[in-house]
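Visitor: Pasting a structure below so you can have a look.
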Amino acid sequence: MHRATLRTFAYTLFVSLLTLLTVAGGQTPASAHAVLLSTTPANRQVLNGTPHEVSLTFSETVDLGLAGFRLLGPDGDTIKTGRPAHPHGKPDGVTLPIPDVLSDGTYTLAWRVVSADTHPVQGAFTFSVGEPTQGGGPASADSALGSSSWVVVLYDAVRWLSFAGIALLVGTAFFTVTCWPGAVHRRGARRLLWCGWYAVLAATALTFLLYEPYAAGAASARTLHPSLIRATLGTRMGLVLIARTGLLMVTGVGLMLLLRRARAGGEPRTGVFGWRAAIVLATGCALAVTWSLATHSAAGSLVAVALVADVVHLTAMGVWIGGLVVLAAVLLRSGDLPAMESAIPRFSRTALVCVLLLAVTGIFQAWREVGTFPALYGTEYGHILIGKLCLAAALIALGAGARRWVQGHYAALPTAASIRRRAQRWPGEEGVRRFRRLITVEAGIAAVLLGLTALLVNSEPARAEQAAAKTAAAASTPPQPLSQVVQFDTGGAGGRGLLAVELGPAAVGTNEFHLSVLDTRGLPRTVAEVQARFSLPERSLGPITADLQDGGTGHYLSTASLPFPGRWQLSLTVRTSDLDETVVRIPVDVR
């Protein structure tokens with residue numbers, strides 16, 4: 001790769017990274033994967049009686065078409081529940097009615113929903129009615145709603161097949177219309193083209209069969225159950241697969257007509273980026289949209305930008321990797337030296353543009369899904385991404401070597417060259433074989449890269465994984481009772497003093513509240529009036545007034561019912577005279 005090319009590449013990456021960092025400074029994207037924010041009853045909450053319903057709130061829209069909920073009683077038996085629904089039309093919330101009276105003990109609710117990116121998320125939490133069950137109740141029921149391992153593996157494999165198919169289809173078509181129009185007369189190129197088309201069609205059909213057991217966590221025996229057709233059709237994935245199938249049918253008809261016309265009309269003109277190339281790119285982008293609408297790009301914030309970036313990333317990937325396959329499997333085996341002289345330099349320039357597009361869109365996607373360096377090396381998604389980056393670096397290094405080879409053998413001479421000098425620049429048969437081996441290795445690494453891409457698409461994003469871990473850690477941390485002494489000053493004579501506050505257990509539900517008014521020496525004192533109110537700003541909830549009962553000189557007691565976890569704010573209003581008053585605010589962490 002020439003120094004000018006390297007400078008251009010480095011400059012483009014720098015500008016792209018600077019632009020993305022500028023955007024990142026002003027935006028904090030939501031994770032592109034649903035995360036459970038809160039539940040009612042809260043995790044490990046003890047209730048006095050049976051709740052009418054259980055509600056869950058997520059970080060983004062969730063689909064209930066393939067959702068599953070299972071309520072386990074203290075003995076591990078399944079408790080009958082009503083049909084889940086979105087409360088008041090809010091797509092990020094779920095309510096589950098409980099029609100029967102629950103006996104005392106600890107209950108476990110295992111849940112599984114489909115997030116906006118079409119991937120399932122699941123979990124479980126417990127609550128108790130009356131006295132908690134000794135030992136905490138039944139074991140976690142996550143596994144009861146999990147997909148069969150072979151379904152997950154097969155789903156990942158089908159995703160890889162779909163990526164490989166789109167690469168062969170788009171890459172072969174683009175290579176043919178822009179680099180080597182004579183490929184339409186080569187059986188190998190036509191076979192690659194149709195192999196790509198059939199691979200995408202087969203992957204689409206298999207995805208349709210596998211999505212219901214994958215997303216709903218159904219038993220593996222249900223993979224071919226008739227009910228999966230109705231269930232899948234009602235989901236975003238089902239609509240996307242139908243759209244993809246329609247596009248494939250139109251593409252298949254178009255391929256037959258174009259190939260027939262090309263063979264009947266002789267070899268097309270070379271070196272022209274015209275309407276054929278535009279059709280190929282438009283078709284590739286249209287097909288790529290059907291993948292992007294069912295990935296992490298379709299959820300979270302900056303969705304419009306993420307979808308465009310994902311479509312460009314997938315299309316550029318297809319043009320590059322598919323072109324490598326045509327180059328190694330057909331052109332370099334053909335022995336057609338004039339065709340190599342014209343096609344290889346064109347593809348080299350095309351590959352450079354694709355690498356630039358992949359770098360820019362890849363940086364954006366990595367920032368959006370990972371966000372921080374700790375998330376990069378501290379999550380499963382980050383580990384897969386690091387592996388993908390290493391393979392991508394190896395692929396770019398091999399591509400740079402291939403580009404140097406092309407520049408050395410097929411670069412235009414500065415002056416009109418004689419036939420003898422031109423023949424000296426052409427690679428010999430052994431040189432072509434070495435170049436073909438290099439391209440074959442590059443294509444093999446690209447196939448592995450597609451596999452890691454399939455794993456990334458089906459994995460939980462690093463942001464979501466960290467958010468879920470943070471939520472789980474907060475839920476598992478036992479509540480800490482509040483005990484705090486703060487100063488107050490109403491501004492008048494004798495307006496200074498202390499407030500001693502105790503709140504326990506600082507958990508969701510009923511809490512015991514004690515308030516003592518003291519003078520500056522720490523002795524009890526009386527004031528004209530004192531009020532206590534609780535509010536939860538993050539939910540715009542409150543204020544909830546605590547009914548204070550006089551417990552003696554300067555001492556007040558009450559009970560506070562706090563329905564949600566989070567950082568509550570306790571506002572204490574103290575009035576020492578008709579004119580002198582102040583408000584003291586104390587944060588209260590409720591779990």
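Please note that chains go A, B, ... in the order of the structure tokens, that every chain numbers its residues from 1, and that ligands are numbered from 1 in the order shown.
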Give the strand (DSSP E) residues of region 522-575 of chain A, as DSSP finds them on the backbone, and put them as a VMD selection string.
Guide: chain A and resid 529 to 536 541 to 546 549 to 550 555 to 562 566 to 575
Visitor: Would you mind listing what lies within 10 Å of Leu482 (chain A) as an NGL selection string, with only C-alpha atoms counted and same-chain residues fewer than 3 positions away left out?
Guide: :A and (479 or 501-506 or 513 or 586-590)
Visitor: At a cut-off of 12 Å, can you tabulate as a Markdown table every residue of region 37-127 of chain A near region 542-562 of chain A together with its closest atom pair and the distance in Å to one decimal, using only C-alpha atoms and ordering rows by chain then number?
Guide:
```
| residue | atom | partner | partner_atom | distance |
| --- | --- | --- | --- | --- |
| A:Thr40 | CA | A:Leu562 | CA | 11.2 |
| A:Pro41 | CA | A:Leu562 | CA | 11.1 |
| A:Ala42 | CA | A:Leu562 | CA | 10.6 |
| A:Gln45 | CA | A:Leu562 | CA | 11.2 |
| A:Leu47 | CA | A:Ser561 | CA | 11.5 |
```
Visitor: Could you dump the residues just selected with all heavy atoms as a compact mmCIF listing (two decimals), in the first residue's frame?
Guide:
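After the write, part05.txt holds the following:
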```
# COMPACT_ATOMS: atom_id res chain seq x y z
N THR A 40 -42.66 -4.99 40.60
CA THR A 40 -43.61 -4.80 41.71
C THR A 40 -44.42 -6.08 41.85
O THR A 40 -45.15 -6.44 40.92
CB THR A 40 -44.57 -3.62 41.46
OG1 THR A 40 -43.80 -2.44 41.20
CG2 THR A 40 -45.46 -3.38 42.67
N PRO A 41 -44.25 -6.81 42.97
CA PRO A 41 -43.40 -6.55 44.13
C PRO A 41 -41.92 -6.56 43.76
O PRO A 41 -41.51 -7.18 42.78
CB PRO A 41 -43.73 -7.71 45.07
CG PRO A 41 -45.02 -8.29 44.56
CD PRO A 41 -45.01 -8.06 43.09
N ALA A 42 -41.12 -5.88 44.57
CA ALA A 42 -39.69 -5.85 44.33
C ALA A 42 -39.07 -7.19 44.69
O ALA A 42 -39.68 -8.02 45.38
CB ALA A 42 -39.05 -4.74 45.15
N GLN A 45 -39.15 -8.75 48.31
CA GLN A 45 -40.08 -7.99 49.14
C GLN A 45 -41.03 -8.94 49.87
O GLN A 45 -41.47 -9.96 49.32
CB GLN A 45 -40.88 -7.00 48.30
CG GLN A 45 -41.87 -6.17 49.11
CD GLN A 45 -42.63 -5.17 48.27
OE1 GLN A 45 -42.35 -5.01 47.07
NE2 GLN A 45 -43.59 -4.49 48.86
N LEU A 47 -44.72 -9.26 51.48
CA LEU A 47 -46.03 -8.64 51.41
C LEU A 47 -46.92 -9.17 52.52
O LEU A 47 -46.77 -10.31 52.98
CB LEU A 47 -46.69 -8.92 50.05
CG LEU A 47 -45.88 -8.55 48.80
CD1 LEU A 47 -46.60 -9.04 47.55
CD2 LEU A 47 -45.64 -7.05 48.74
```
Visitor: May I ask which of the residues A:Thr379, A:Thr490, A:Gln484, A:Thr283 is the closest one to Glu529 (chain A), counting only C-alpha atoms?
Guide: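 With only C-alpha atoms as the atom set, the closest residue is A:Thr490.
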